[in-house]
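*Asks:* Here you go, one structure.
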Amino acid sequence: MGTALRYLLDTHALLWWWTDDPQLSAHARGLIADEGHEIFVSAVSAWEIATKHQLGKLPEAGAAMPRFNELIQADGFRHLPVTYLHALKAGAYSHSHRDPFDRMLAAQSEIEALPLVTCDSALTAFGTRIVW
């Protein structure tokens, strides 16, 4: 039996999965739904959702925040904590992309060798392998 494929979800992919949003590509939806794949969700996504909700940018995420862990577990996803190695990598990128959430997800994707499920092609500037 082959090794399971492993992926890291960008925050928008996670939210679109939870809300069955048609913006989630059919390919991404298939990768996430495949029980043979290991799907990781970064602690950065919890931080990004909470931050953007507080700023009024994600009002629909209010219900998901207190249930974040429950929702991750219900989908069979795995938590990916932020480590100091991720932080050092994210801070060391010379690319001018300023979004701290994107920088951290790119660093985690690279260090953990997890392709990032995202529609944000700007992340390729970090050398991030993206799938969509």
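Simple scheme: letters A, B, ... for chains in structure tokens order, numbers from 1 for residues in each chain, numbers from 1 for ligands in the order shown.
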Tell me, counting only C-alpha atoms, for each residue of range 3-77 of chain A within 6 Å of range 91-115 of chain A, which pair of atoms is nearest and how far apart they are in Å to one decimal, in rows ordered by chain and increasing number, as CSV.
*Replies:*
residue,atom,partner,partner_atom,distance
A:Arg6,CA,A:Leu114,CA,5.9
A:Tyr7,CA,A:Leu114,CA,5.0
A:Leu8,CA,A:Leu114,CA,5.7
*Asks:* I'd like the neighbourhood of range 57-63 of chain A as a count of residues only, where a residue qualifies if any of its atoms comes within 12 Å (using only C-alpha atoms), though same-chain residues fewer than 4 positions away should be ignored.
*Replies:* 20
*Asks:* Would you please work out which residue, of A:Ala13, A:Asn69, A:Thr83, A:Lys89, is nearest to Ile32 in chain A when using only C-alpha atoms?
*Replies:*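 Of all the options, A:Ala13 lies closest to Ile32 in chain A.
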*Asks:* Which is closest to Gly76 in chain A among A:Leu55, A:Val41, A:Leu123, A:Leu116, if we use only C-alpha atoms?
*Replies:*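 Residue with the minimum atom-to-atom distance to Gly76 in chain A: A:Val41.
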*Asks:* Given only C-alpha atoms as the basis, pick out the residue of A:Ala90, A:Ile130, A:Ala122, A:Val117 nearest to Ala26 in chain A.
*Replies:*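 Nearest to Ala26 in chain A: A:Val117.
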*Asks:* Report the distance between CA of Ala43 in chain A and CA of Leu9 in chain A in Å, rounded to one decimal place.
*Replies:*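 If I compute the distance from CA of Ala43 in chain A to CA of Leu9 in chain A, I get 10.9 Å.
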*Asks:* Based on the backbone DSSP call, show me all residues of range 36-130 of chain A assigned strand (DSSP E or B), as JSON, numbers by chain.
*Replies:* {"A": [38, 39, 40, 41, 42, 78, 79, 80, 116, 117, 130]}
